[in-house]
Structure formats: C-alpha cells, structure tokens
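The block underneath contains the structure these notes are about, expressed in structure tokens.
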Amino acid sequence: MRWFLLRASTVVGDRVQHFDDILEDQFFTALESLFFKKEDPLETSDEEFEGIFRRVIEKLGHNA
C-alpha cells in the first residue's frame, strides 16, 4: 500500500501542480486586465474581484 500511495502522490501531484499553474495564470491574466482597465485600480470593489473569481472558475469548468 505504501508504494501505491507513493506512486499515486507522485502522479497526482504532478497533475495538481499543472492545474495550479493554469489556475494561477488565469487569475493573473484576469486581474492584470482589470488593473489596466481601471483609472484607479485601488478603487476596485470586492464585487469586481468576486466577478474575476467566478469568470475564471467558469472558464476552467468549460475547459475541464
């Protein structure tokens, strides 16, 4: 069982890392876009950040 779990954690860990990289890239791109669209990015509302979160998650769901 120990070898099974070791192998599984290696394979799944690599996949999770890949997913994490994609997710990070999606969030960074969306936040960067929002930042440059705003005249004063510091006035970004919580709802706008929530919108970014929802759009990224929805996009990932469609690509999964």
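Letters A, B, ... mark the chains of the structure tokens in the order given; residue numbers begin at 1 per chain; ligand numbers begin at 1, in order shown.
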
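The environment of range 27-33 of chain A within 12 Å, counting only C-alpha atoms and disregarding residues fewer than 3 places along the same chain, consists of Asp20, Asp21, Ile22, Leu23, Glu24, Phe36, Lys37, Lys38, Pro41, Thr44, Glu48, Phe49, Glu50, Gly51, Ile52, Phe53, Arg54, Arg55, Val56, Ile57, Glu58, Lys59 and Leu60 of chain A.
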
Review point. So which residues of chain A fall under alpha helix (DSSP H) by DSSP, listed as a PyMOL selection string?
Key: chain A and resi 2-37+46-63
